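Below is coords13.txt, which holds compact mmCIF, C-alpha atoms.
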```
# COMPACT_ATOMS: atom_id res chain seq x y z
CA MET G 281 73.56 43.35 -31.07
CA ALA G 282 72.48 46.36 -29.01
CA ASN G 283 76.03 47.79 -28.88
CA GLU G 284 79.33 47.80 -30.71
CA THR G 285 81.82 46.18 -28.31
CA LEU G 286 85.58 46.65 -28.44
CA LEU G 287 88.00 44.58 -26.35
CA VAL G 288 91.16 46.58 -25.64
CA GLU G 289 94.36 44.83 -24.59
CA PHE G 290 97.40 46.29 -22.85
CA LEU G 291 100.95 45.07 -22.50
CA GLY G 292 101.95 43.35 -19.29
CA GLU G 293 99.56 41.89 -16.71
CA HIS G 294 96.72 44.39 -17.19
CA PRO G 295 93.46 42.49 -17.90
CA GLY G 296 92.36 45.09 -20.45
CA ILE G 297 89.19 47.15 -20.79
CA VAL G 298 85.93 46.95 -22.67
CA VAL G 299 84.57 49.87 -24.68
CA ARG G 300 80.89 49.80 -25.64
CA LEU G 301 79.43 52.16 -28.22
CA PRO G 302 75.91 52.64 -29.62
CA PRO G 303 75.47 50.56 -32.81
CA LEU G 304 75.91 52.16 -36.23
CA ILE G 305 72.23 51.52 -36.96
CA PRO G 306 70.19 52.00 -33.75
CA THR G 307 68.42 49.10 -32.10
CA PHE G 308 66.75 51.63 -29.77
CA GLU G 309 65.58 55.13 -30.57
CA THR G 310 67.71 56.62 -27.79
CA TYR G 311 70.66 55.35 -25.75
CA ASN G 312 71.30 56.47 -22.19
CA LEU G 313 74.80 55.23 -21.48
CA ARG G 314 74.97 57.23 -18.26
CA SER G 315 72.10 55.26 -16.72
CA GLN G 316 73.77 51.97 -17.70
CA ALA G 317 76.96 53.06 -15.94
CA LEU G 318 75.08 54.19 -12.84
CA VAL G 319 73.25 50.87 -12.54
CA GLN G 320 76.35 48.75 -13.12
CA ASN G 321 78.34 50.70 -10.53
CA ALA G 322 75.47 50.55 -8.02
CA VAL G 323 75.18 46.79 -8.43
CA ALA G 324 78.92 46.44 -7.87
CA VAL G 325 78.78 48.62 -4.74
CA ALA G 326 76.01 46.36 -3.45
CA GLY G 327 78.45 43.46 -3.61
CA LEU G 328 77.41 41.79 -6.87
CA PRO G 329 80.06 40.85 -9.45
CA ALA G 330 79.42 43.59 -12.02
CA PRO G 331 82.44 45.10 -13.84
CA SER G 332 83.30 48.33 -12.04
CA PRO G 333 84.16 51.14 -12.19
CA THR G 334 82.16 51.79 -15.35
CA VAL G 335 82.54 55.24 -16.86
CA ALA G 336 80.15 56.89 -19.31
CA VAL G 337 81.88 59.34 -21.65
CA THR G 338 79.38 61.66 -23.31
CA ASP G 339 81.90 64.04 -24.90
CA THR G 340 81.91 63.07 -28.60
CA GLU G 341 85.24 64.82 -29.19
CA TRP G 342 87.18 61.64 -28.34
CA ILE G 343 85.91 59.14 -30.92
CA GLY G 344 82.89 60.83 -32.48
CA CYS G 345 80.20 59.30 -30.25
CA PRO G 346 79.47 58.62 -26.57
CA PHE G 347 80.78 55.36 -25.09
CA LEU G 348 81.16 53.25 -21.96
CA VAL G 349 84.46 52.04 -20.52
CA MET G 350 84.70 49.21 -17.99
CA PRO G 351 87.19 46.60 -16.76
CA ARG G 352 87.51 43.45 -18.84
CA VAL G 353 86.55 40.23 -17.00
CA SER G 354 87.84 36.87 -18.19
CA GLY G 355 85.69 33.75 -18.16
CA THR G 356 83.12 31.81 -20.15
CA ILE G 357 79.94 33.37 -21.54
CA PRO G 358 77.29 30.85 -22.63
CA GLY G 359 75.87 31.23 -26.11
CA PRO G 360 72.41 32.69 -26.81
CA ALA G 361 70.86 29.19 -27.08
CA PRO G 362 71.99 26.93 -24.19
CA LEU G 363 70.72 23.86 -26.08
CA PHE G 364 73.47 24.35 -28.66
CA ASP G 365 76.31 25.56 -26.45
CA PRO G 366 78.98 22.83 -26.00
CA TRP G 367 80.12 24.40 -22.71
CA ILE G 368 76.66 23.64 -21.32
CA THR G 369 75.62 20.51 -23.22
CA GLY G 370 79.02 18.86 -22.64
CA ALA G 371 78.86 19.42 -18.88
CA SER G 372 77.67 16.90 -16.32
CA LEU G 373 74.09 17.13 -15.09
CA PRO G 374 75.18 18.60 -11.71
CA ASP G 375 77.28 21.23 -13.51
CA GLN G 376 74.37 22.10 -15.80
CA ARG G 377 72.18 22.51 -12.72
CA LYS G 378 74.83 24.69 -11.10
CA VAL G 379 74.84 27.05 -14.09
CA HIS G 380 71.04 27.30 -14.07
CA ASP G 381 70.92 27.91 -10.31
CA GLY G 382 73.60 30.56 -10.68
CA LEU G 383 71.25 32.61 -12.84
CA ILE G 384 68.32 32.20 -10.42
CA ASP G 385 70.54 33.19 -7.51
CA THR G 386 71.78 36.20 -9.48
CA LEU G 387 68.19 37.38 -10.00
CA VAL G 388 67.53 37.12 -6.27
CA ALA G 389 70.64 39.22 -5.56
CA VAL G 390 69.83 41.86 -8.20
CA HIS G 391 66.29 42.23 -6.89
CA ALA G 392 67.65 42.77 -3.37
CA VAL G 393 69.73 45.82 -4.40
CA ASP G 394 68.45 48.97 -2.68
CA TRP G 395 67.74 51.01 -5.81
CA MET G 396 66.39 53.97 -3.82
CA ALA G 397 69.58 54.26 -1.79
CA HIS G 398 71.52 54.47 -5.06
CA ASN G 399 69.04 57.01 -6.48
CA LEU G 400 68.31 54.88 -9.55
CA GLY G 401 64.61 55.76 -9.72
CA PRO G 402 65.08 59.03 -11.67
CA VAL G 403 67.30 57.42 -14.34
CA LEU G 404 65.46 54.14 -15.02
CA PRO G 405 62.06 53.35 -16.57
CA GLY G 406 59.23 52.27 -14.28
CA PRO G 407 57.89 51.32 -11.87
CA SER G 408 54.42 51.62 -13.44
CA LEU G 409 53.44 48.67 -15.64
CA ALA G 410 51.16 50.98 -17.61
CA GLU G 411 54.12 53.25 -18.47
CA THR G 412 56.32 50.27 -19.31
CA LEU G 413 53.64 48.85 -21.61
CA GLN G 414 53.29 52.24 -23.31
CA TYR G 415 57.06 52.43 -23.77
CA TRP G 416 57.11 49.12 -25.64
CA THR G 417 54.04 50.07 -27.66
CA ASP G 418 55.90 53.20 -28.76
CA TYR G 419 59.00 51.12 -29.41
CA VAL G 420 57.13 48.76 -31.74
CA ARG G 421 55.72 51.76 -33.58
CA TRP G 422 59.19 53.27 -34.01
CA ALA G 423 61.09 50.04 -34.71
CA GLY G 424 58.40 48.74 -37.06
CA GLU G 425 58.63 51.87 -39.20
CA GLY G 426 54.86 51.98 -39.61
CA ASP G 427 54.61 48.28 -40.47
CA PRO G 428 54.66 46.29 -37.20
CA LEU G 429 54.34 42.53 -37.15
CA PRO G 430 50.66 41.54 -36.71
CA GLU G 431 51.61 39.20 -33.84
CA LEU G 432 53.10 42.15 -31.94
CA SER G 433 50.02 44.30 -32.34
CA THR G 434 47.82 41.41 -31.20
CA ALA G 435 50.01 40.58 -28.21
CA LEU G 436 50.39 44.16 -26.97
CA ASP G 437 46.65 44.68 -27.23
CA TRP G 438 46.19 41.48 -25.18
CA CYS G 439 48.70 42.73 -22.60
CA ARG G 440 46.80 46.00 -22.24
CA ARG G 441 43.50 44.21 -21.69
CA HIS G 442 44.90 41.71 -19.18
CA ARG G 443 47.46 43.89 -17.40
CA PRO G 444 47.72 43.13 -13.65
CA ALA G 445 46.30 45.91 -11.50
CA GLU G 446 48.91 48.35 -10.17
CA SER G 447 47.24 48.03 -6.76
CA ASP G 448 47.81 44.27 -6.61
CA ALA G 449 49.75 43.88 -3.38
CA ALA G 450 50.74 40.32 -4.29
CA GLU G 451 53.42 41.58 -6.67
CA GLY G 452 55.12 43.34 -3.79
CA GLU G 453 57.28 46.45 -3.84
CA PRO G 454 59.08 47.34 -7.08
CA VAL G 455 62.69 46.19 -7.35
CA LEU G 456 65.70 46.80 -9.52
CA LEU G 457 65.26 44.78 -12.71
CA TRP G 458 68.18 43.42 -14.71
CA GLY G 459 66.02 43.58 -17.84
CA ASP G 460 67.86 40.99 -19.94
CA ALA G 461 67.99 38.02 -17.57
CA ARG G 462 69.65 35.19 -19.49
CA LEU G 463 72.78 33.04 -19.30
CA GLY G 464 74.36 34.87 -22.24
CA ASN G 465 74.72 37.94 -20.04
CA LEU G 466 76.74 36.15 -17.36
CA VAL G 467 80.47 35.41 -17.21
CA PHE G 468 81.31 32.14 -15.44
CA ASP G 469 84.66 31.15 -13.92
CA ASP G 470 86.34 27.75 -14.22
CA HIS G 471 84.20 26.41 -11.35
CA ARG G 472 80.99 27.50 -13.10
CA GLU G 473 80.39 30.22 -10.54
CA VAL G 474 79.01 33.57 -11.70
CA HIS G 475 82.02 35.81 -12.21
CA ALA G 476 80.34 38.89 -13.72
CA ILE G 477 76.87 40.20 -14.60
CA LEU G 478 76.73 42.07 -17.89
CA ASP G 479 74.42 44.19 -20.07
CA TRP G 480 72.17 46.59 -18.20
CA ASP G 481 70.68 48.20 -21.33
CA LEU G 482 67.15 47.15 -20.33
CA ALA G 483 67.46 47.81 -16.59
CA ALA G 484 64.30 49.22 -15.02
CA ILE G 485 62.30 49.46 -11.81
CA GLY G 486 59.25 47.25 -11.51
CA PRO G 487 57.81 43.93 -10.32
CA ARG G 488 60.20 40.98 -9.99
CA GLU G 489 57.99 39.03 -12.37
CA MET G 490 59.25 41.12 -15.30
CA ASP G 491 62.71 39.55 -14.98
CA LEU G 492 61.29 36.12 -14.20
CA GLY G 493 58.90 36.34 -17.14
CA TRP G 494 61.80 37.22 -19.43
CA TYR G 495 63.91 34.25 -18.36
CA PHE G 496 61.16 31.65 -18.18
CA GLY G 497 59.49 33.03 -21.31
CA LEU G 498 62.70 32.56 -23.30
CA GLU G 499 63.06 29.06 -21.84
CA PHE G 500 59.50 28.27 -22.95
CA MET G 501 60.27 29.57 -26.44
CA MET G 502 63.39 27.40 -26.79
CA GLU G 503 61.52 24.30 -25.68
CA GLU G 504 58.63 25.03 -28.05
CA LEU G 505 60.94 25.59 -31.02
CA PHE G 506 63.30 22.67 -30.46
CA GLY G 507 61.22 20.19 -28.51
CA HIS G 508 63.54 19.66 -25.55
CA ARG G 509 65.59 21.45 -22.92
CA VAL G 510 69.01 21.13 -21.32
CA PRO G 511 68.61 17.90 -19.28
CA GLY G 512 70.33 19.24 -16.17
CA PHE G 513 68.17 22.37 -16.01
CA PRO G 514 65.27 21.99 -13.54
CA GLY G 515 61.71 22.49 -14.73
CA ARG G 516 59.88 25.80 -14.49
CA SER G 517 58.16 24.99 -11.20
CA GLU G 518 61.41 23.92 -9.53
CA GLY G 519 63.24 27.00 -10.75
CA LEU G 520 60.46 29.22 -9.42
CA ALA G 521 60.49 27.37 -6.10
CA ARG G 522 64.20 28.13 -5.72
CA TYR G 523 63.61 31.81 -6.44
CA GLU G 524 60.72 32.01 -3.98
CA ALA G 525 62.64 30.20 -1.24
CA LEU G 526 65.68 32.47 -1.56
CA SER G 527 63.81 35.75 -2.03
CA GLY G 528 60.86 35.18 0.29
CA HIS G 529 58.57 36.45 -2.49
CA THR G 530 55.57 34.58 -3.87
CA VAL G 531 55.54 34.92 -7.66
CA THR G 532 52.24 36.06 -9.20
CA HIS G 533 50.93 36.85 -12.71
CA LEU G 534 53.92 35.07 -14.26
CA GLY G 535 51.92 33.99 -17.31
CA TRP G 536 51.11 37.59 -18.21
CA HIS G 537 54.73 38.59 -17.73
CA GLU G 538 55.91 35.74 -19.96
CA VAL G 539 53.62 36.94 -22.75
CA PHE G 540 54.84 40.51 -22.28
CA ALA G 541 58.46 39.30 -22.27
CA LEU G 542 58.01 37.28 -25.47
CA ALA G 543 56.41 40.34 -27.10
CA ARG G 544 59.41 42.48 -26.14
CA GLY G 545 61.80 39.78 -27.34
CA LEU G 546 60.01 39.53 -30.68
CA ALA G 547 60.03 43.33 -31.05
CA LEU G 548 63.81 43.42 -30.55
CA ASN G 549 64.37 40.42 -32.82
CA ASP G 550 62.25 42.00 -35.55
CA ARG G 551 64.19 45.26 -35.26
CA ILE G 552 67.46 43.37 -35.68
CA GLN G 553 66.07 41.54 -38.71
CA ARG G 554 65.06 44.87 -40.23
CA ILE G 555 68.56 46.24 -39.68
CA ALA G 556 69.98 43.14 -41.39
CA GLY G 557 67.64 43.70 -44.34
CA SER G 558 65.76 40.43 -43.86
CA THR G 559 62.79 39.91 -46.18
CA ARG G 560 61.45 36.93 -44.18
CA ARG G 561 60.27 38.71 -41.03
CA SER G 562 56.75 37.35 -41.42
CA ASP G 563 58.18 33.84 -41.04
CA ASN G 564 59.71 34.60 -37.62
CA PRO G 565 58.89 31.51 -35.49
CA MET G 566 58.89 33.64 -32.34
CA GLY G 567 55.55 35.08 -33.44
CA GLY G 568 53.85 31.69 -33.34
CA VAL G 569 55.36 30.90 -29.91
CA LEU G 570 54.16 34.25 -28.59
CA LEU G 571 50.58 33.67 -29.73
CA ALA G 572 50.63 30.10 -28.38
CA ARG G 573 51.76 31.29 -24.94
CA MET G 574 49.15 34.04 -24.97
CA LYS G 575 46.37 31.55 -25.72
CA ALA G 576 47.62 29.12 -23.07
CA VAL G 577 47.64 31.82 -20.39
CA GLU G 578 44.21 33.05 -21.46
CA ASN G 579 42.72 29.55 -21.35
CA ARG G 580 44.27 28.79 -17.96
CA ASP G 581 43.01 32.03 -16.41
CA SER G 582 39.52 31.51 -17.78
```

Entire entry expressed as structure tokens:
Amino acid sequence: MANETLLVEFLGEHPGIVVRLPPLIPTFETYNLRSQALVQNAVAVAGLPAPSPTVAVTDTEWIGCPFLVMPRVSGTIPGPAPLFDPWITGASLPDQRKVHDGLIDTLVAVHAVDWMAHNLGPVLPGPSLAETLQYWTDYVRWAGEGDPLPELSTALDWCRRHRPAESDAAEGEPVLLWGDARLGNLVFDDHREVHAILDWDLAAIGPREMDLGWYFGLEFMMEELFGHRVPGFPGRSEGLARYEALSGHTVTHLGWHEVFALARGLALNDRIQRIAGSTRRSDNPMGGVLLARMKAVENRDS
């Protein structure tokens, strides 16, 4: 939904290429395809399975707009809602667990990439949480066209008032953030191993908890909306324990980051609904989940 994606096939044994273009109606105010290519190539150089080489073409003479070109990777991509994806729900409990752990392990690997060595700091947002929060406040203003959802205004104001201190050493040094940490951005092979990591549109530099908040926040939303979870997926505490054991990092302020992640997710979802011409944006169930998570975190911390 953030890009137009073309799959290009060739004769013979060539696996083909993928061409990604900005959407006809923008999901974001600006698109920096060059930074996406730089991140994806850096991740691949670091040994992670990201499609590479990825080339950003900014000359609009070719097809009338800038675009990305990358190798095509075959495999299975889970759907946006694991609860309703037959590839996941039809798998054994151990295979479901393997898929879940594959995502956690991928986050550990992404966060270990030396972003300074690849000079990614100048091309990615962050690492300041204050700047990141301001970016999304500006995004809501732009995407909402002067009429933002009330839940978003409330949540962003809450995030500003409860933002973790930048000097909090517990969050550790900033890391490379995937930005859109979910199963739908992974390609799995026939053995349910991660075969490729996709979609670096939201890549940034910042605390690890931003990625973790995104993943666990979306998991919380799915469970709240549908009342259950994939049976083979471990609970939140067990998933966090795996991340901490593999990364050596103690996760802090996760509740705040989950609220911030749900606010960003709702902002993007609302923008997509506006593009589609939806007249039922005020009924978006994500808004209720966001406010519920915000209240739960506030009550726990108090």

(request) Rank nothing, just name the residue among G:Gly507, G:Pro374, G:Gly327, G:Gly464 nearest to Pro358 (chain G), using all atoms listed in the file. (result) G:Gly464

Counting only C-alpha atoms, which residues of region 376-464 of chain G fall within 12 Å of region 571-579 of chain G, and what is the closest atom pair for each with its distance in Å at one decimal, ordered by chain and rising number, as JSON lines?
```
{"residue": "G:Pro430", "atom": "CA", "partner": "G:Leu571", "partner_atom": "CA", "distance": 10.5}
{"residue": "G:Glu431", "atom": "CA", "partner": "G:Leu571", "partner_atom": "CA", "distance": 7.0}
{"residue": "G:Leu432", "atom": "CA", "partner": "G:Leu571", "partner_atom": "CA", "distance": 9.1}
{"residue": "G:Ser433", "atom": "CA", "partner": "G:Leu571", "partner_atom": "CA", "distance": 11.0}
{"residue": "G:Thr434", "atom": "CA", "partner": "G:Leu571", "partner_atom": "CA", "distance": 8.3}
{"residue": "G:Ala435", "atom": "CA", "partner": "G:Leu571", "partner_atom": "CA", "distance": 7.1}
{"residue": "G:Leu436", "atom": "CA", "partner": "G:Met574", "partner_atom": "CA", "distance": 10.4}
{"residue": "G:Asp437", "atom": "CA", "partner": "G:Met574", "partner_atom": "CA", "distance": 11.2}
{"residue": "G:Trp438", "atom": "CA", "partner": "G:Met574", "partner_atom": "CA", "distance": 8.0}
{"residue": "G:Cys439", "atom": "CA", "partner": "G:Met574", "partner_atom": "CA", "distance": 9.0}
{"residue": "G:Arg441", "atom": "CA", "partner": "G:Glu578", "partner_atom": "CA", "distance": 11.2}
{"residue": "G:His442", "atom": "CA", "partner": "G:Glu578", "partner_atom": "CA", "distance": 9.0}
```

(request) Identify which of the residues G:Gly426, G:Gly557, G:Gly519, G:Gly359 lies closest to Val531 (chain G), counting all atoms listed in the file when measuring atom-to-atom distances. (result) G:Gly519

Any chance you could tabulate, as CSV, the residues of region 427-530 of chain G at most 12 Å from region 295-302 of chain G with each one's nearest atom pair and distance in Å to one decimal, using all atoms listed in the file, in chain and rising number order?
```
residue,atom,partner,partner_atom,distance
G:Leu478,CA,G:Val298,CA,11.5
G:Asp479,CA,G:Arg300,CA,10.2
G:Trp480,CA,G:Arg300,CA,11.9
G:Asp481,CA,G:Pro302,CA,10.8
```

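Coordinates place CA of Phe468 (chain G) at a distance of 27.2 Å from CA of Leu546 (chain G).
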
(request) Compare G:Arg440, G:Leu313, G:Ile384, G:Met566 by their minimum atom-to-atom distance to Val403 (chain G), counting all atoms listed in the file, and give me the closest one. (result) G:Leu313

(request) For Gly486 (chain G), work out the shell of residues within 9 Å, counting only C-alpha atoms and skipping chain neighbours fewer than 5 positions away, then give it as a PyMOL selection string. (result) chain G and resi 405-409+412+453-457

(message) So the first atom is CA of Glu504 (chain G) and the second is CA of Leu570 (chain G); what is the distance between them in Å, to one decimal place?
(response) 10.3 Å

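When only C-alpha atoms are used to measure the gap to Ile555 (chain G), the shortest distance among G:Glu425, G:Asp460, G:Glu446, G:Glu524 belongs to G:Glu425.
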
(request) Work out how far apart CA of Phe364 (chain G) and CA of Val510 (chain G) are and give it in Å to one decimal. (result) 9.2 Å

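Counting only C-alpha atoms and comparing G:Arg472, G:Arg443, G:His391, G:Arg314, the residue that lies closest to Lys378 (chain G) is G:Arg472.
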
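With all atoms listed in the file as the atoms that count, the minimum distance from Leu463 (chain G) to the choices G:Pro565, G:Pro351, G:Pro306, G:Gly382 is reached by G:Gly382.
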
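Near Glu538 (chain G), within 7 Å and counting all atoms listed in the file, sit Gly493, Trp494, Phe496, Gly497, Leu534 and Leu542 of chain G; same-chain residues fewer than 4 positions away were not included.
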
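Here the selection is built from all atoms listed in the file, and the residues within 12 Å of (73.9, 36.8, -30.5) turn out to be Met281, Ala282, Asn283, Ile357, Pro358, Gly359, Pro360, Ala361, Pro362, Arg462, Leu463, Gly464, Asn465, Asn549 and Ile552 of chain G.
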
(request) Write out as a VMD selection string the residues lying within 8 Å of Ala330 (chain G), counting all atoms listed in the file and excluding same-chain residues fewer than 5 positions away. (result) chain G and resid 320 to 321 323 to 324 476 to 478

Those same residues, written as a JSON list (two decimals), in the coordinates of the input with C-alpha atoms?
```json
[["chain", "number", "residue", "atom", "x", "y", "z"],
["G", 320, "GLN", "CA", 76.35, 48.75, -13.12],
["G", 321, "ASN", "CA", 78.34, 50.70, -10.53],
["G", 323, "VAL", "CA", 75.18, 46.79, -8.43],
["G", 324, "ALA", "CA", 78.92, 46.44, -7.87],
["G", 476, "ALA", "CA", 80.34, 38.89, -13.72],
["G", 477, "ILE", "CA", 76.87, 40.20, -14.60],
["G", 478, "LEU", "CA", 76.73, 42.07, -17.89]]
```

Axis-aligned box for all listed atoms of region 453-458 of chain G, 4 Å per side, centre and edges in Å to one decimal, as JSON:
```
{"center_x": 62.7, "center_y": 45.4, "center_z": -9.3, "size_x": 18.9, "size_y": 11.9, "size_z": 18.9}
```
